[in-house]
Structure formats: structure tokens, C-alpha cells
>>> print(open('work-v4.txt').read())   # compact mmCIF, C-alpha atoms
# COMPACT_ATOMS: atom_id res chain seq x y z
CA MET A 240 150.75 48.87 111.05
CA ALA A 241 151.16 52.30 112.63
CA ASN A 242 153.97 54.59 111.60
CA GLU A 243 157.07 54.18 113.72
CA GLY A 244 156.82 56.45 116.75
CA SER A 245 153.04 56.63 116.80
CA LYS A 246 150.49 54.38 118.48
CA THR A 247 147.20 52.95 117.29
CA VAL A 248 143.93 53.59 119.08
CA SER A 249 140.28 52.60 118.77
CA PHE A 250 137.33 54.99 118.42
CA PRO A 251 133.53 54.88 118.43
CA SER A 252 131.89 53.98 115.11
CA GLN A 253 131.83 56.52 112.32
CA TRP A 254 128.04 56.74 112.63
CA ALA A 255 128.23 57.48 116.36
CA SER A 256 130.73 60.24 115.62
CA LEU A 257 128.44 61.72 112.97
CA LEU A 258 125.70 62.00 115.63
CA GLN A 259 127.85 64.52 117.54
CA ASN A 260 126.70 67.01 114.88
CA LEU A 261 122.97 66.70 115.58
CA GLY A 262 121.20 69.99 116.28
CA GLN A 263 120.14 73.24 114.68
CA TRP A 264 123.16 75.22 113.56
CA GLN A 265 122.62 78.93 112.85
CA GLY A 266 125.28 80.62 110.76
CA SER A 267 126.29 81.76 107.31
CA PHE A 268 128.03 80.61 104.16
CA THR A 269 130.71 83.20 103.33
CA ARG A 270 132.02 82.80 99.79
CA LEU A 271 135.58 84.04 99.30
CA THR A 272 137.98 84.51 96.42
CA PRO A 273 141.28 82.58 96.53
CA ALA A 274 142.79 85.77 98.02
CA GLY A 275 140.25 85.78 100.85
CA GLU A 276 138.07 88.63 99.60
CA VAL A 277 134.39 88.28 100.54
CA GLN A 278 132.07 87.80 97.55
CA GLU A 279 128.82 87.15 99.42
CA ASP A 280 127.61 86.17 102.88
CA ILE A 281 124.43 84.08 103.00
CA PRO A 282 122.63 83.45 106.34
CA THR A 283 121.82 79.76 106.86
CA LEU A 284 120.19 77.28 109.20
CA VAL A 285 121.56 73.73 109.03
CA SER A 286 119.50 71.14 110.89
CA LEU A 287 120.69 67.59 111.52
CA GLU A 288 117.94 65.43 113.01
CA GLY A 289 118.13 61.78 114.07
CA LEU A 290 115.26 59.57 112.86
CA SER A 291 114.29 55.98 113.71
CA ASN A 292 116.32 55.95 116.93
CA ASN A 293 119.19 57.72 115.12
CA GLN A 294 119.44 55.02 112.46
CA THR A 295 118.81 57.73 109.86
CA VAL A 296 119.93 61.36 109.82
CA ARG A 297 117.95 64.06 108.03
CA LEU A 298 119.95 67.07 106.88
CA THR A 299 118.02 70.25 106.10
CA ILE A 300 119.82 73.35 104.80
CA GLN A 301 117.90 76.61 104.60
CA TYR A 302 119.36 79.65 102.87
CA PHE A 303 117.96 83.10 103.74
CA ALA A 304 117.96 86.51 102.10
CA PRO A 305 121.21 88.32 103.00
CA ASP A 306 119.43 91.25 104.66
CA SER A 307 116.82 89.22 106.59
CA GLU A 308 116.76 89.20 110.39
CA PRO A 309 116.59 85.94 112.38
CA GLY A 310 113.04 84.93 113.26
CA PRO A 311 110.01 82.93 112.08
CA ASP A 312 109.25 85.40 109.28
CA ARG A 313 112.70 85.15 107.73
CA THR A 314 112.63 84.75 103.95
CA VAL A 315 113.88 81.33 102.81
CA THR A 316 115.45 81.63 99.35
CA GLN A 317 116.46 77.97 98.97
CA GLU A 318 116.07 74.71 100.90
CA LYS A 319 117.77 71.33 100.56
CA VAL A 320 116.72 68.14 102.38
CA LEU A 321 118.80 64.96 102.39
CA GLU A 322 118.57 61.74 104.40
CA TYR A 323 121.41 59.36 105.24
CA SER A 324 121.43 55.88 106.72
CA SER A 325 125.06 55.09 105.83
CA LEU A 326 128.28 56.92 105.04
CA ASN A 327 130.25 56.78 101.79
CA ARG A 328 133.99 56.37 101.24
CA SER A 329 134.66 60.09 100.82
CA ILE A 330 133.96 61.08 104.45
CA LEU A 331 135.55 60.38 107.84
CA PHE A 332 134.54 61.52 111.33
CA PHE A 333 136.47 61.96 114.57
CA GLU A 334 135.10 61.08 117.99
CA ASN A 335 134.10 64.70 118.77
CA GLY A 336 132.24 65.12 115.46
CA ALA A 337 135.00 66.81 113.43
CA PHE A 338 134.97 65.53 109.85
CA SER A 339 136.01 65.92 106.26
CA GLN A 340 134.36 64.89 103.02
CA GLY A 341 135.44 65.45 99.45
CA SER A 342 137.38 64.09 96.50
CA ILE A 343 139.00 60.72 97.05
CA GLN A 344 141.14 61.06 93.93
CA LEU A 345 142.79 64.01 92.17
CA ALA A 346 142.55 63.49 88.42
CA PRO A 347 143.60 65.65 85.45
CA PHE A 348 140.93 67.91 83.93
CA SER A 349 138.41 67.32 86.70
CA GLU A 350 137.14 69.45 89.56
CA PHE A 351 138.68 68.74 92.95
CA GLY A 352 137.94 69.84 96.49
CA ALA A 353 136.89 69.02 100.01
CA GLU A 354 134.99 70.23 103.05
CA LEU A 355 136.63 70.27 106.48
CA GLY A 356 134.59 70.69 109.65
CA LEU A 357 135.63 71.35 113.25
CA ILE A 358 133.38 71.36 116.30
CA HIS A 359 133.84 72.84 119.77
CA GLU A 360 131.04 72.79 122.33
CA SER A 361 128.19 74.87 120.82
CA ARG A 362 130.11 76.05 117.74
CA ARG A 363 131.12 74.57 114.41
CA LEU A 364 133.56 75.89 111.83
CA ARG A 365 133.57 74.48 108.30
CA LEU A 366 135.54 75.25 105.19
CA VAL A 367 135.08 74.24 101.56
CA GLN A 368 138.00 74.54 99.15
CA LEU A 369 137.31 74.02 95.43
CA PHE A 370 139.72 73.75 92.48
CA ASN A 371 138.65 74.07 88.84
CA GLN A 372 139.35 71.64 85.99
CA ASP A 373 142.71 73.31 85.40
CA GLY A 374 143.74 72.55 88.98
CA GLN A 375 143.61 76.19 90.11
CA LEU A 376 142.17 77.20 93.48
CA ASN A 377 138.84 78.65 92.46
CA GLN A 378 136.56 79.25 95.44
CA ILE A 379 136.59 79.10 99.23
CA THR A 380 133.53 78.99 101.46
CA LEU A 381 133.84 79.68 105.18
CA ILE A 382 130.89 78.40 107.23
CA ARG A 383 130.57 79.70 110.80
CA GLU A 384 127.82 78.16 112.92
CA LYS A 385 126.48 78.00 116.45
CA LEU A 386 123.72 76.03 118.09
CA ALA A 387 120.47 77.97 118.38
CA GLY A 388 120.42 80.11 121.51
CA THR A 389 124.19 80.26 122.01
CA ASP A 390 126.92 82.82 121.26
CA GLY A 391 129.12 82.10 118.25
CA ALA A 392 130.97 85.35 117.60
CA GLY A 393 134.74 85.54 117.35
CA PRO A 394 137.38 88.05 116.19
CA PRO A 395 139.39 87.78 112.95
CA LEU A 396 142.57 85.75 113.19
CA ARG A 397 145.77 87.80 113.48
CA LEU A 398 149.27 86.53 112.80
CA GLU A 399 150.46 87.71 116.23
CA ALA A 400 148.01 85.31 117.88
CA LEU A 401 149.72 82.33 116.24
CA LEU A 402 153.32 83.23 117.03
CA GLY A 403 155.03 81.14 119.69
CA GLU A 404 155.28 77.46 120.56
CA TRP A 405 152.30 75.11 120.38
CA GLN A 406 152.26 71.58 121.76
CA GLY A 407 149.54 69.12 121.00
CA GLU A 408 148.32 65.73 119.90
CA ALA A 409 147.55 64.57 116.37
CA VAL A 410 145.02 61.81 115.70
CA THR A 411 145.09 60.38 112.17
CA LEU A 412 142.32 58.39 110.47
CA PHE A 413 142.78 56.38 107.28
CA PRO A 414 140.18 55.85 104.54
CA ASP A 415 141.51 52.34 103.87
CA GLY A 416 140.29 51.16 107.28
CA ARG A 417 143.59 51.02 109.14
CA LEU A 418 143.44 51.72 112.86
CA PRO A 419 143.81 55.41 113.84
CA THR A 420 147.16 56.59 115.17
CA ILE A 421 148.10 59.20 117.78
CA SER A 422 151.26 61.32 117.74
CA SER A 423 152.55 64.21 119.86
CA THR A 424 153.29 67.46 118.00
CA THR A 425 155.20 70.71 118.47
CA LEU A 426 154.69 73.75 116.22
CA CYS A 427 156.88 76.84 116.52
CA LEU A 428 156.11 80.05 114.61
CA GLN A 429 158.46 83.03 114.68
CA ARG A 430 158.30 86.31 112.82
CA GLN A 431 161.48 87.62 111.21
CA GLY A 432 160.81 90.91 109.46
CA ASN A 433 158.34 90.26 106.64
CA GLN A 434 158.62 86.50 106.97
CA VAL A 435 157.39 83.74 109.27
CA VAL A 436 159.59 80.78 110.12
CA GLN A 437 157.67 77.60 110.87
CA HIS A 438 159.16 74.50 112.53
CA LEU A 439 156.99 71.42 112.97
CA THR A 440 157.95 68.23 114.76
CA SER A 441 156.01 65.10 115.64
CA ASP A 442 156.74 61.42 116.33
CA THR A 443 157.18 60.90 112.56
CA LEU A 444 157.96 64.38 111.18
CA ASN A 445 160.57 67.12 111.47
CA PHE A 446 160.69 70.01 109.00
CA SER A 447 161.01 73.77 108.70
CA SER A 448 159.62 76.26 106.18
CA ILE A 449 159.47 80.00 105.59
CA ALA A 450 156.48 82.08 104.50
CA LYS A 451 156.27 85.59 103.12
CA ILE A 452 153.75 87.85 104.83
CA ASP A 453 151.30 89.70 102.59
CA GLY A 454 148.68 91.31 104.83
CA SER A 455 146.45 88.50 106.05
CA ILE A 456 148.07 85.94 103.71
CA LEU A 457 151.13 83.77 104.37
CA ARG A 458 152.77 82.20 101.30
CA PHE A 459 155.04 79.17 101.59
CA GLY A 460 157.11 77.78 98.72
CA GLN A 461 157.56 79.13 95.21
CA ASP A 462 156.67 78.62 91.55
CA SER A 463 154.26 75.69 91.06
CA GLN A 464 154.28 74.61 94.70
CA VAL A 465 153.01 77.71 96.47
CA VAL A 466 150.93 76.96 99.56
CA GLN A 467 149.05 79.84 101.12
CA VAL A 468 147.51 80.38 104.55
CA LEU A 469 144.58 82.80 104.71
CA LEU A 470 143.84 84.36 108.11
CA LEU A 471 140.05 84.62 108.28
CA PRO A 472 137.22 85.77 110.59
CA ASN A 473 136.30 83.96 113.82
CA GLY A 474 139.82 82.69 114.40
CA ALA A 475 139.81 80.59 111.22
CA SER A 476 142.68 79.86 108.86
CA CYS A 477 142.62 78.20 105.44
CA THR A 478 145.71 76.41 104.12
CA SER A 479 145.82 75.17 100.54
CA PRO A 480 148.02 75.04 97.45
CA LEU A 481 147.23 77.63 94.80
CA ALA A 482 147.27 74.83 92.23
CA VAL A 483 147.08 71.03 92.36
CA LYS A 484 148.31 68.38 89.95
CA VAL A 485 149.00 64.67 90.00
CA GLY A 486 152.63 63.99 90.87
CA GLN A 487 152.76 66.40 93.83
CA PRO A 488 151.49 65.36 97.26
CA LEU A 489 149.24 67.93 98.89
CA PHE A 490 147.08 68.68 101.90
CA LEU A 491 144.12 70.94 102.66
CA GLU A 492 143.88 72.38 106.17
CA LEU A 493 141.36 74.22 108.32
CA GLY A 494 142.68 75.87 111.47
CA TRP A 495 140.63 77.30 114.33
CA LEU A 496 141.91 79.43 117.19
CA GLU A 497 139.07 78.70 119.66
CA GLN A 498 140.72 80.57 122.53
CA PRO A 499 143.97 82.58 122.75
CA ASN A 500 145.87 79.48 123.89
CA LEU A 501 143.84 76.67 122.25
CA ARG A 502 143.77 75.70 118.57
CA GLN A 503 142.49 72.90 116.37
CA ARG A 504 143.76 71.99 112.91
CA LEU A 505 142.25 69.50 110.47
CA LEU A 506 144.33 68.21 107.53
CA ARG A 507 143.14 66.14 104.57
CA SER A 508 146.20 64.65 102.84
CA TYR A 509 146.79 63.23 99.34
CA ASN A 510 149.83 61.34 98.03
CA ALA A 511 151.76 61.95 94.79
CA LYS A 512 149.31 59.71 92.89
CA GLY A 513 146.49 62.04 93.91
CA GLU A 514 144.94 59.47 96.27
CA TRP A 515 143.32 60.56 99.54
CA VAL A 516 145.43 58.81 102.18
CA SER A 517 144.62 60.29 105.60
CA LEU A 518 142.74 62.78 107.76
CA THR A 519 144.47 64.29 110.79
CA LEU A 520 143.01 66.27 113.69
CA VAL A 521 145.51 68.27 115.76
CA LYS A 522 144.54 69.78 119.10
CA GLU A 523 147.25 72.05 120.48
CA HIS A 524 147.83 74.60 123.21
CA LYS A 525 150.28 77.48 123.40
CA VAL A 526 153.13 76.95 125.86
CA ALA A 527 155.36 79.93 125.06
>>> encode(input="work-v4.txt", output="C-alpha cells")
Amino acid sequence: MANEGSKTVSFPSQWASLLQNLGQWQGSFTRLTPAGEVQEDIPTLVSLEGLSNNQTVRLTIQYFAPDSEPGPDRTVTQEKVLEYSSLNRSILFFENGAFSQGSIQLAPFSEFGAELGLIHESRRLRLVQLFNQDGQLNQITLIREKLAGTDGAGPPLRLEALLGEWQGEAVTLFPDGRLPTISSTTLCLQRQGNQVVQHLTSDTLNFSSIAKIDGSILRFGQDSQVVQVLLLPNGASCTSPLAVKVGQPLFLELGWLEQPNLRQRLLRSYNAKGEWVSLTLVKEHKVA
């Protein structure tokens, strides 16, 4: 059953949605500290190729020397090749190719994390958030990609660009096989001095929260339940708790300001038992 106020919908198969990612994606893996400081930036080429009439997908990841220029003589420092003919329980895809894969269960004294990926025309934006065995946010990797021969540049995300009212639509997928649901959303962000007031409403949700502004970081909550938003290059934002533990529900989010008035957000949610329960894609536009 869908949540009250939302409606169920049908989508193409998960495999068909995966195929929206086929192509040669030029970009880089930018490794960041939990505070968003760049540790290293590694040029990459990620190729997804359909084999046997797209019944199998070959994934090839090439890592290049940081100072090498694009071209046939570029120095490959590492290469990984994987082939898939089915998808496992840890990954879900949306119709446009957006996806998330990662831990299906948060457990004590084990590593935890997930990758979130958004796609828009000739560009992809991916984010990996990893937590160590103590449950502390340990490493973030921002992956910015474009199809070969296209332009993928974008400016850093600024808080001022997010202020205002955003209206959109949220599509939610469930790993237990329930039908997807659709809900309308409204997000309002206002700055008050050194704070940001956030108000989010949807067909099933209505809540407000306040964040402290610290440069390019927004911090919501306090003590053991601090959730931070990092404002990153190419219009990206990374939302995650600073620490995770069983008994507290949580979500990991990747945001992408594609254009001044268009934004996508992808949320991977876990319940208080640490179980992965849903994946939500929000597409919203600024109205005020």
C-alpha cells in the first residue's frame, strides 16, 4: 500500500533504467574530508558498454595520473573491469538512470556507506559517503562526469542559490519490491543572520529545522544527531549525519543544482533498526 496522500506508479524494469547510463563518462574522483576539504582529485574514464544485445553490461573504470592531459597517450595508473547480467539487492535505479547502491543494513562495528548517482542529459554527478567501524563519517568522494565530447563544467554551489521556495515531485522506490510512489513537495529555505531556516512539506511530511552556517557547511541538529550539508563544486551538495548508529533513523542525500532554477535531490533512507527502507528522487524548481 502507498502512504496516505501519495499515489503508486509503474516504471520500466530496473535493467532498462540501468541502460540509461551507457556511454563513456569523462570526469574525476575527488576525495574529500568530512569537512569538505579536497585530499586528491583523480582523472577518470568510466565506460558502460552493453553486450549481447544489452543483456550484459561491461563496466570499465580507468584512473589516470593527476597531471595527465586528456588524449590517447594519457597514463593509466589503474584499471578495473566488471561485467553484470543482473542486479543485486543493494541497488535501485530510477527511470532516467539515477541510482543508489550501498549498505542494506547498518550494523555495529562495521563499515557503512552508499553511492548516490544523478544524471541529467550529458552529465552525471555521483557521491560516495563512507563511515568507519565506529560509525563516524570518514570519507566523501565527489564524482563529476560528462559524456565524451560534451561540456560538463559548473560553478561551486553557494547558499544564496538555494534560498527561496522550491516546488517539485518526489518519486520513491522501495527495496522490498513495493510499487513506487509519487508525492508533491515544497521546500522553503530562508536565511536569518548566521542561520538557515528550512521548511519541508509533502503529501506525507511537514517539518521545520534550523541550521548554523559555517562557511560552505550547514549544520542541523546537535550532540549525537548532527546532520551536515556540504556545498560542493559543480552545484553539488552532500547531506549526511556526522555519525551513525542503530536506533536512530538516518538518510544520505546528494543534491544537484543543474540550473539556477532547477535542482535534483536523491535520498537513501534507513529506519531506526538500520534497515535500508527507501530511495527517493526529488526534482524541483524555484518558484520564489
>>> residues_around(input="work-v4.txt", residues="A:Ser463", least_positions_apart="3", cutoff="9 Å", atoms="only C-alpha atoms", output="list of chain:residue names")
A:Gly460, A:Pro480, A:Leu481, A:Ala482, A:Val483
>>> closest_atom_pairs(input="work-v4.txt", of="stretch 355-446 of chain A", to="stretch 253-256 of chain A", cutoff="12 Å", atoms="only C-alpha atoms", output="CSV")
residue,atom,partner,partner_atom,distance
A:Ile358,CA,A:Ser256,CA,11.5
A:Leu412,CA,A:Gln253,CA,10.8
A:Pro414,CA,A:Gln253,CA,11.4
A:Gly416,CA,A:Gln253,CA,11.2
>>> atom_distance(input="work-v4.txt", atom1="atom CA of A:Gly341", atom2="atom CA of A:Gln467")
19.9 Å
>>> closest_atom_pairs(input="work-v4.txt", of="stretch 252-274 of chain A", to="stretch 381-393 of chain A", cutoff="9 Å", atoms="only C-alpha atoms", output="tab-separated table")
residue	atom	partner	partner_atom	distance
A:Gly262	CA	A:Leu386	CA	6.8
A:Gln263	CA	A:Leu386	CA	5.7
A:Trp264	CA	A:Leu386	CA	4.6
A:Gln265	CA	A:Glu384	CA	5.3
A:Gly266	CA	A:Glu384	CA	4.1
A:Ser267	CA	A:Ile382	CA	5.7
A:Phe268	CA	A:Ile382	CA	4.7
A:Thr269	CA	A:Leu381	CA	5.1
A:Arg270	CA	A:Leu381	CA	6.5
A:Leu271	CA	A:Leu381	CA	7.5
>>> atom_distance(input="work-v4.txt", atom1="atom CA of A:Ser286", atom2="atom CA of A:Ser361")
13.7 Å
>>> residues_around(input="work-v4.txt", residues="A:Val516", least_positions_apart="3", cutoff="8 Å", atoms="all atoms listed in the file", output="NGL selection string")
:A and (413-415 or 508-510)
>>> build_atoms(input="work-v4.txt", residues="stretch 359-385 of chain A", atoms="N, CA and C atoms", output="mmCIF file, in the frame of the given file")
data_model
loop_
_atom_site.group_PDB
_atom_site.id
_atom_site.type_symbol
_atom_site.label_atom_id
_atom_site.label_comp_id
_atom_site.auth_asym_id
_atom_site.auth_seq_id
_atom_site.Cartn_x
_atom_site.Cartn_y
_atom_site.Cartn_z
ATOM 1 N N HIS A 359 133.394 72.553 118.403
ATOM 2 C CA HIS A 359 133.840 72.840 119.770
ATOM 3 C C HIS A 359 132.646 73.323 120.574
ATOM 4 N N GLU A 360 132.182 72.476 121.475
ATOM 5 C CA GLU A 360 131.040 72.790 122.330
ATOM 6 C C GLU A 360 129.847 73.202 121.460
ATOM 7 N N SER A 361 129.388 74.450 121.538
ATOM 8 C CA SER A 361 128.190 74.870 120.820
ATOM 9 C C SER A 361 128.502 75.527 119.478
ATOM 10 N N ARG A 362 129.732 75.391 118.995
ATOM 11 C CA ARG A 362 130.110 76.050 117.740
ATOM 12 C C ARG A 362 130.695 75.040 116.756
ATOM 13 N N ARG A 363 130.478 75.317 115.487
ATOM 14 C CA ARG A 363 131.120 74.570 114.410
ATOM 15 C C ARG A 363 131.790 75.561 113.460
ATOM 16 N N LEU A 364 132.870 75.112 112.860
ATOM 17 C CA LEU A 364 133.560 75.890 111.830
ATOM 18 C C LEU A 364 133.842 74.958 110.673
ATOM 19 N N ARG A 365 133.367 75.331 109.484
ATOM 20 C CA ARG A 365 133.570 74.480 108.300
ATOM 21 C C ARG A 365 134.176 75.304 107.175
ATOM 22 N N LEU A 366 134.850 74.602 106.297
ATOM 23 C CA LEU A 366 135.540 75.250 105.190
ATOM 24 C C LEU A 366 135.459 74.361 103.962
ATOM 25 N N VAL A 367 135.090 74.954 102.831
ATOM 26 C CA VAL A 367 135.080 74.240 101.560
ATOM 27 C C VAL A 367 136.098 74.886 100.635
ATOM 28 N N GLN A 368 136.987 74.065 100.088
ATOM 29 C CA GLN A 368 138.000 74.540 99.150
ATOM 30 C C GLN A 368 137.783 73.822 97.813
ATOM 31 N N LEU A 369 137.595 74.587 96.735
ATOM 32 C CA LEU A 369 137.310 74.020 95.430
ATOM 33 C C LEU A 369 138.348 74.460 94.402
ATOM 34 N N PHE A 370 138.764 73.505 93.559
ATOM 35 C CA PHE A 370 139.720 73.750 92.480
ATOM 36 C C PHE A 370 139.027 73.450 91.154
ATOM 37 N N ASN A 371 139.295 74.273 90.131
ATOM 38 C CA ASN A 371 138.650 74.070 88.840
ATOM 39 C C ASN A 371 139.322 72.956 88.040
ATOM 40 N N GLN A 372 138.848 72.740 86.815
ATOM 41 C CA GLN A 372 139.350 71.640 85.990
ATOM 42 C C GLN A 372 140.799 71.830 85.573
ATOM 43 N N ASP A 373 141.300 73.048 85.685
ATOM 44 C CA ASP A 373 142.710 73.310 85.400
ATOM 45 C C ASP A 373 143.591 73.152 86.641
ATOM 46 N N GLY A 374 142.981 72.771 87.757
ATOM 47 C CA GLY A 374 143.740 72.550 88.980
ATOM 48 C C GLY A 374 144.013 73.817 89.776
ATOM 49 N N GLN A 375 143.381 74.929 89.409
ATOM 50 C CA GLN A 375 143.610 76.190 90.110
ATOM 51 C C GLN A 375 142.608 76.365 91.252
ATOM 52 N N LEU A 376 143.075 76.883 92.383
ATOM 53 C CA LEU A 376 142.170 77.200 93.480
ATOM 54 C C LEU A 376 141.149 78.216 92.988
ATOM 55 N N ASN A 377 139.876 77.874 93.124
ATOM 56 C CA ASN A 377 138.840 78.650 92.460
ATOM 57 C C ASN A 377 137.892 79.343 93.421
ATOM 58 N N GLN A 378 137.532 78.660 94.509
ATOM 59 C CA GLN A 378 136.560 79.250 95.440
ATOM 60 C C GLN A 378 136.735 78.659 96.833
ATOM 61 N N ILE A 379 136.520 79.506 97.821
ATOM 62 C CA ILE A 379 136.590 79.100 99.230
ATOM 63 C C ILE A 379 135.289 79.528 99.897
ATOM 64 N N THR A 380 134.716 78.641 100.686
ATOM 65 C CA THR A 380 133.530 78.990 101.460
ATOM 66 C C THR A 380 133.793 78.735 102.928
ATOM 67 N N LEU A 381 133.675 79.774 103.735
ATOM 68 C CA LEU A 381 133.840 79.680 105.180
ATOM 69 C C LEU A 381 132.447 79.626 105.805
ATOM 70 N N ILE A 382 132.206 78.610 106.622
ATOM 71 C CA ILE A 382 130.890 78.400 107.230
ATOM 72 C C ILE A 382 131.049 78.459 108.747
ATOM 73 N N ARG A 383 130.484 79.506 109.346
ATOM 74 C CA ARG A 383 130.570 79.700 110.800
ATOM 75 C C ARG A 383 129.189 79.470 111.406
ATOM 76 N N GLU A 384 129.121 78.575 112.388
ATOM 77 C CA GLU A 384 127.820 78.160 112.920
ATOM 78 C C GLU A 384 127.852 78.052 114.434
ATOM 79 N N LYS A 385 126.658 78.202 115.020
ATOM 80 C CA LYS A 385 126.480 78.000 116.450
ATOM 81 C C LYS A 385 125.119 77.349 116.670
#
